[in-house]
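Asker: Have a look at this one before I ask anything.
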Amino acid sequence: MRKNIKIPRILKIEKIDGLKVYVIFNNGETRLLNFATILEGWNVRDSDIESKLYDASELQKVKLHNQTLSWDNLSTKLTDDNGQEKEYPYEIGPDVLFSLSQNSDIQAQGYGDIIRTARIKAGLTQNELAHRAGTTRFYISRFENNKSDIELSTFKRIVETGLGKRLTLQIN
């Protein structure tokens, strides 16, 4: 039997903010790569190629190449199969980046807050909302506190059945 091996890959650079890079991985998560923390954890010294990434203007020159992060402005010399030394852009493997990242779904941030605000405005407890929406108080609590993802159909049920509101979705 063949095993289904899931290898992390970066699909998109979502946003760069100083030394923080937000990327979307192939599992659908938007994750935060905090390079200040990453470089500190690696004990990067001034003599290391990665030290230039402490400079936000250099870090922001990042590109997506072969589903990982690549910097043309930082090059590394490697010897090829023929013994020839070649320069390559500096890259960090997506598996390493995934392990160093934090879940930070910037698209979904605040959805739990929206539900909590609407629930309180409607004068409902988490238990009452859960009962109306056909779910549990525990689930509502985890969602409101951004500890759980939610399927669109469940979100719609909470909004429309639980809160009595209408959900509209817009893509810009």
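Note on naming: chains are A, B, ... as they come in the structure tokens, residues start from 1 per chain, ligands start from 1 in the order shown.
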Leaving out region 13-16 of chain A and any residue of its chain fewer than 6 positions from it, which residues lie within 12 Å of it when counting only C-alpha atoms, given as a short mmCIF file (atom, residue, chain, number, x, y, z; two decimals) with N, CA and C atoms, in the first residue's frame?

Answerer:
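The resulting file, around-v9.cif, is shown below:
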```
data_model
loop_
_atom_site.label_atom_id
_atom_site.label_comp_id
_atom_site.auth_asym_id
_atom_site.auth_seq_id
_atom_site.Cartn_x
_atom_site.Cartn_y
_atom_site.Cartn_z
N TYR A 22 4.36 36.40 6.01
CA TYR A 22 3.17 35.56 6.07
C TYR A 22 3.06 34.81 4.75
N VAL A 23 2.98 33.49 4.83
CA VAL A 23 2.92 32.66 3.64
C VAL A 23 1.75 31.69 3.73
N ILE A 24 1.25 31.28 2.57
CA ILE A 24 0.21 30.26 2.52
C ILE A 24 0.86 28.96 2.10
N PHE A 25 0.70 27.94 2.95
CA PHE A 25 1.24 26.61 2.66
C PHE A 25 0.19 25.78 1.93
N ASN A 26 0.63 24.67 1.35
CA ASN A 26 -0.26 23.81 0.57
C ASN A 26 -1.32 23.10 1.41
N GLU A 29 -3.10 26.68 5.21
CA GLU A 29 -2.86 27.58 6.34
C GLU A 29 -2.02 28.77 5.94
N THR A 30 -2.39 29.93 6.47
CA THR A 30 -1.52 31.08 6.39
C THR A 30 -0.69 31.05 7.65
N ARG A 31 0.63 31.05 7.48
CA ARG A 31 1.53 30.90 8.63
C ARG A 31 2.52 32.05 8.68
N LEU A 32 2.92 32.39 9.89
CA LEU A 32 3.85 33.48 10.14
C LEU A 32 5.26 32.95 10.30
N LEU A 33 6.17 33.55 9.56
CA LEU A 33 7.60 33.29 9.71
C LEU A 33 8.21 34.56 10.30
N ASN A 34 8.52 34.52 11.58
CA ASN A 34 9.12 35.67 12.26
C ASN A 34 10.63 35.51 12.19
N PHE A 35 11.26 36.20 11.23
CA PHE A 35 12.68 36.00 10.99
C PHE A 35 13.55 36.54 12.12
N ALA A 56 15.42 44.45 7.18
CA ALA A 56 14.08 44.27 6.59
C ALA A 56 14.07 44.55 5.09
N SER A 57 14.87 45.52 4.64
CA SER A 57 14.88 45.83 3.20
C SER A 57 15.48 44.68 2.39
N GLU A 58 16.42 43.94 2.98
CA GLU A 58 17.00 42.77 2.31
C GLU A 58 16.03 41.59 2.39
N LEU A 59 15.44 41.39 3.54
CA LEU A 59 14.48 40.28 3.73
C LEU A 59 13.31 40.42 2.76
N GLN A 60 12.87 41.65 2.53
CA GLN A 60 11.70 41.88 1.68
C GLN A 60 11.95 41.63 0.20
N LYS A 61 13.17 41.33 -0.16
CA LYS A 61 13.49 40.98 -1.55
C LYS A 61 13.21 39.50 -1.82
N VAL A 62 12.56 38.85 -0.89
CA VAL A 62 12.25 37.43 -1.00
C VAL A 62 11.33 37.18 -2.20
N LYS A 63 11.52 36.04 -2.83
CA LYS A 63 10.68 35.61 -3.95
C LYS A 63 10.26 34.17 -3.69
N LEU A 64 9.19 33.79 -4.33
CA LEU A 64 8.75 32.40 -4.28
C LEU A 64 9.39 31.67 -5.46
N HIS A 65 10.16 30.63 -5.17
CA HIS A 65 10.84 29.86 -6.21
C HIS A 65 10.72 28.39 -5.85
N GLN A 67 8.28 26.70 -4.89
CA GLN A 67 7.42 26.56 -3.71
C GLN A 67 8.18 26.68 -2.39
N THR A 68 9.23 27.48 -2.40
CA THR A 68 9.94 27.83 -1.17
C THR A 68 10.41 29.28 -1.28
N LEU A 69 10.97 29.81 -0.21
CA LEU A 69 11.44 31.18 -0.21
C LEU A 69 12.87 31.25 -0.72
N SER A 70 13.13 32.26 -1.55
CA SER A 70 14.41 32.39 -2.21
C SER A 70 14.80 33.87 -2.23
N SER A 104 -1.01 31.45 11.66
CA SER A 104 -1.45 32.84 11.76
C SER A 104 -2.37 33.11 10.59
N ASP A 105 -3.51 32.49 10.58
CA ASP A 105 -4.43 32.62 9.46
C ASP A 105 -4.98 34.03 9.43
N ILE A 106 -4.26 34.93 8.72
CA ILE A 106 -4.66 36.33 8.70
C ILE A 106 -6.01 36.51 8.00
N GLN A 107 -6.41 35.56 7.16
CA GLN A 107 -7.73 35.66 6.54
C GLN A 107 -8.83 35.38 7.54
#
```

Asker: Report the distance between CA of Lys12 (chain A) and CA of Lys147 (chain A) in Å, rounded to one decimal place.

Answerer: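 Pair CA of Lys12 (chain A) / CA of Lys147 (chain A) returns 23.6 Å.
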
Asker: If we count only C-alpha atoms, what is near Arg166 (chain A) at a cut-off of 12 Å, once residues fewer than 3 positions away on the same chain are taken out, given as a PyMOL selection string?

Answerer: chain A and resi 118+155-163+169

Asker: Region 1-162 of chain A: which residues are strand (DSSP E) by DSSP, as JSON, numbers by chain?

Answerer: {"A": [10, 11, 12, 13, 14, 15, 16, 17, 20, 21, 22, 23, 24, 25, 30, 31, 32, 33, 34, 63, 64, 65, 68, 69, 70, 71, 72, 73, 74, 75, 76, 77, 78, 79, 85, 86, 87, 88, 89, 90, 91, 92, 102, 103]}

Asker: I need the residues from that last selection saved to file as a short mmCIF file (atom, residue, chain, number, x, y, z; two decimals), in the first residue's frame (with N, CA and C atoms), if you can.

Answerer:
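Contents of selection_6.cif, freshly written:
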```
data_model
loop_
_atom_site.label_atom_id
_atom_site.label_comp_id
_atom_site.auth_asym_id
_atom_site.auth_seq_id
_atom_site.Cartn_x
_atom_site.Cartn_y
_atom_site.Cartn_z
N ILE A 10 5.17 26.06 -0.09
CA ILE A 10 4.61 27.41 0.01
C ILE A 10 3.96 27.74 -1.32
N LEU A 11 2.70 28.15 -1.26
CA LEU A 11 1.96 28.49 -2.47
C LEU A 11 1.99 29.98 -2.78
N LYS A 12 2.10 30.81 -1.73
CA LYS A 12 2.02 32.25 -1.95
C LYS A 12 2.64 33.00 -0.78
N ILE A 13 3.32 34.09 -1.09
CA ILE A 13 3.74 35.04 -0.05
C ILE A 13 2.57 36.00 0.10
N GLU A 14 1.93 35.96 1.24
CA GLU A 14 0.72 36.75 1.48
C GLU A 14 1.05 38.19 1.84
N LYS A 15 2.03 38.37 2.74
CA LYS A 15 2.31 39.71 3.24
C LYS A 15 3.69 39.71 3.89
N ILE A 16 4.37 40.85 3.78
CA ILE A 16 5.65 41.03 4.47
C ILE A 16 5.52 42.28 5.32
N ASP A 17 5.87 42.15 6.60
CA ASP A 17 5.77 43.26 7.54
C ASP A 17 7.03 43.27 8.39
N LYS A 20 8.67 39.98 9.49
CA LYS A 20 7.64 38.94 9.52
C LYS A 20 7.14 38.70 8.10
N VAL A 21 7.15 37.43 7.72
CA VAL A 21 6.67 37.03 6.40
C VAL A 21 5.50 36.08 6.60
N TYR A 22 4.36 36.40 6.01
CA TYR A 22 3.17 35.56 6.07
C TYR A 22 3.06 34.81 4.75
N VAL A 23 2.98 33.49 4.83
CA VAL A 23 2.92 32.66 3.64
C VAL A 23 1.75 31.69 3.73
N ILE A 24 1.25 31.28 2.57
CA ILE A 24 0.21 30.26 2.52
C ILE A 24 0.86 28.96 2.10
N PHE A 25 0.70 27.94 2.95
CA PHE A 25 1.24 26.61 2.66
C PHE A 25 0.19 25.78 1.93
N THR A 30 -2.39 29.93 6.47
CA THR A 30 -1.52 31.08 6.39
C THR A 30 -0.69 31.05 7.65
N ARG A 31 0.63 31.05 7.48
CA ARG A 31 1.53 30.90 8.63
C ARG A 31 2.52 32.05 8.68
N LEU A 32 2.92 32.39 9.89
CA LEU A 32 3.85 33.48 10.14
C LEU A 32 5.26 32.95 10.30
N LEU A 33 6.17 33.55 9.56
CA LEU A 33 7.60 33.29 9.71
C LEU A 33 8.21 34.56 10.30
N ASN A 34 8.52 34.52 11.58
CA ASN A 34 9.12 35.67 12.26
C ASN A 34 10.63 35.51 12.19
N LYS A 63 11.52 36.04 -2.83
CA LYS A 63 10.68 35.61 -3.95
C LYS A 63 10.26 34.17 -3.69
N LEU A 64 9.19 33.79 -4.33
CA LEU A 64 8.75 32.40 -4.28
C LEU A 64 9.39 31.67 -5.46
N HIS A 65 10.16 30.63 -5.17
CA HIS A 65 10.84 29.86 -6.21
C HIS A 65 10.72 28.39 -5.85
N THR A 68 9.23 27.48 -2.40
CA THR A 68 9.94 27.83 -1.17
C THR A 68 10.41 29.28 -1.28
N LEU A 69 10.97 29.81 -0.21
CA LEU A 69 11.44 31.18 -0.21
C LEU A 69 12.87 31.25 -0.72
N SER A 70 13.13 32.26 -1.55
CA SER A 70 14.41 32.39 -2.21
C SER A 70 14.80 33.87 -2.23
N TRP A 71 16.10 34.12 -2.05
CA TRP A 71 16.62 35.48 -2.09
C TRP A 71 17.72 35.55 -3.13
N ASP A 72 17.47 36.25 -4.26
CA ASP A 72 18.49 36.46 -5.29
C ASP A 72 19.59 37.39 -4.77
N ASN A 73 19.24 38.27 -3.82
CA ASN A 73 20.20 39.23 -3.28
C ASN A 73 21.22 38.58 -2.34
N LEU A 74 20.97 37.34 -1.95
CA LEU A 74 21.90 36.57 -1.12
C LEU A 74 22.28 35.34 -1.92
N SER A 75 23.54 35.17 -2.20
CA SER A 75 23.90 33.99 -2.98
C SER A 75 24.84 33.10 -2.17
N THR A 76 24.78 31.85 -2.50
CA THR A 76 25.63 30.87 -1.86
C THR A 76 26.34 30.07 -2.94
N LYS A 77 27.58 29.71 -2.68
CA LYS A 77 28.35 28.96 -3.66
C LYS A 77 28.30 27.48 -3.30
N LEU A 78 27.94 26.68 -4.31
CA LEU A 78 27.88 25.24 -4.14
C LEU A 78 28.62 24.57 -5.29
N THR A 79 29.13 23.39 -5.03
CA THR A 79 29.82 22.63 -6.06
C THR A 79 28.83 21.67 -6.70
N GLU A 85 32.18 25.08 -9.21
CA GLU A 85 31.55 25.91 -8.19
C GLU A 85 30.59 26.88 -8.87
N LYS A 86 29.35 26.91 -8.37
CA LYS A 86 28.32 27.79 -8.95
C LYS A 86 27.66 28.59 -7.84
N GLU A 87 27.15 29.76 -8.23
CA GLU A 87 26.41 30.59 -7.28
C GLU A 87 24.92 30.33 -7.45
N TYR A 88 24.25 30.18 -6.33
CA TYR A 88 22.81 29.96 -6.31
C TYR A 88 22.17 30.94 -5.36
N PRO A 89 20.91 31.29 -5.62
CA PRO A 89 20.20 32.14 -4.65
C PRO A 89 20.06 31.40 -3.31
N TYR A 90 20.06 32.15 -2.25
CA TYR A 90 19.89 31.56 -0.92
C TYR A 90 18.43 31.13 -0.75
N GLU A 91 18.22 29.89 -0.34
CA GLU A 91 16.87 29.35 -0.12
C GLU A 91 16.83 28.60 1.20
N ILE A 92 15.64 28.59 1.78
CA ILE A 92 15.40 27.79 2.98
C ILE A 92 14.28 26.83 2.61
N GLN A 102 4.47 29.77 12.64
CA GLN A 102 3.34 29.73 13.57
C GLN A 102 2.07 29.89 12.76
N ASN A 103 1.03 29.18 13.17
CA ASN A 103 -0.25 29.34 12.49
C ASN A 103 -0.74 30.76 12.72
#
```

Asker: Can you tell me how far CA of Leu124 (chain A) sits from CA of Tyr111 (chain A), in Å to one decimal?

Answerer: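 Separation between CA of Leu124 (chain A) and CA of Tyr111 (chain A): 17.3 Å.
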
Asker: Would you mind telling me which residue in A:Asp95, A:Glu50, A:Asp55, A:Asp80 lies nearest to Arg9 (chain A) when using only C-alpha atoms?

Answerer: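 Residue with the minimum atom-to-atom distance to Arg9 (chain A): A:Asp95.
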